[in-house]
Every structure is written in C-alpha cells, then in structure tokens.
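Presented below is the structure to which this report refers.
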Amino acid sequence: MVRFGLKPLTRIFVPVGRMAFTNYLTQTLIMVTLYYAPWGLMWFGTHSPVEMWQVVGAVWIAQLIWSPLWLSVFRMGPLEWVWRCLTYGRMVPIRKEAAA
C-alpha cells in the first residue's frame, strides 16, 4: 500500500499493529463470547455470512478507535506490557511520560 501512495491510509493501522497481541486475544474473546460461550449470546449458526461480517467489521472498527485512544496514554497494549514484564523479569513502565 505504501508503494502505491496509500501511506496515509496505512497510518490508521499502526496503533492496531502496536497492540497486536492485545487486539488478537480481545477479538477472540469477543467472538467466543458472542458465538460459542455458555455465558454469551450463543449466536453460532444464527447469522448469515453477511451478518457475521458485519459483526467482524464492528469489532475491527472498535479496535481501530480503541487502539489509538489507549496508546495516547500508554506506551503499549496491556498484554504487550505483561509480556514485556515477564520477558525482562521486572516491571517496566507502561504510562507515557508527561510532556515537559
């Protein structure tokens, strides 16, 4: 996309990519809750493919909105932070530094 002059469009996806682990597991949890989980809505087999894509699109849009909002306050996603703390064996800062 960048090669074809669509770099401004790709900037939309940067925050989602920086929170890829969090977003991946969040998508999984949302979809399992909506479609399969006993505590969820049990939608499995009740939607057409078009309706399922609408649900998927809604989750994607929510993540496109949520990720930059989260990253405006924090350095990384919450699961990325946990992973980094476990990898380094110590607590690493998650909050962004206040502008001087």
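Here, A, B, ... name the chains of the structure tokens in the order displayed, residue numbers run from 1 inside each chain, and ligands are numbered from 1 in the same displayed order.
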(message) Neighbouring residues of region 93-95 of chain A were defined as those with any atom within 8 Å, considering only C-alpha atoms; residues of the same chain fewer than 2 positions away were excluded. Please report them as a VMD selection string.
(response) chain A and resid 73 to 76 81 91 97
(request) Please identify which residues in chain A DSSP calls alpha helix (DSSP H) from the backbone, and express them as a ChimeraX atom specification. (result) /A:7-10,14-18,20-35,49-71,78-88
(message) Between CA of Leu86 (chain A) and CA of Pro15 (chain A), what is the distance in Å, rounded to a tenth?
(response) 22.3 Å
(request) For region 48-58 of chain A, list every protein, DNA or RNA residue within 12 Å, evaluated using only C-alpha atoms, and leave out those in the same chain fewer than 6 positions away; present the list as a PyMOL selection string. (result) chain A and resi 27-28+30-31+34-35+64-66
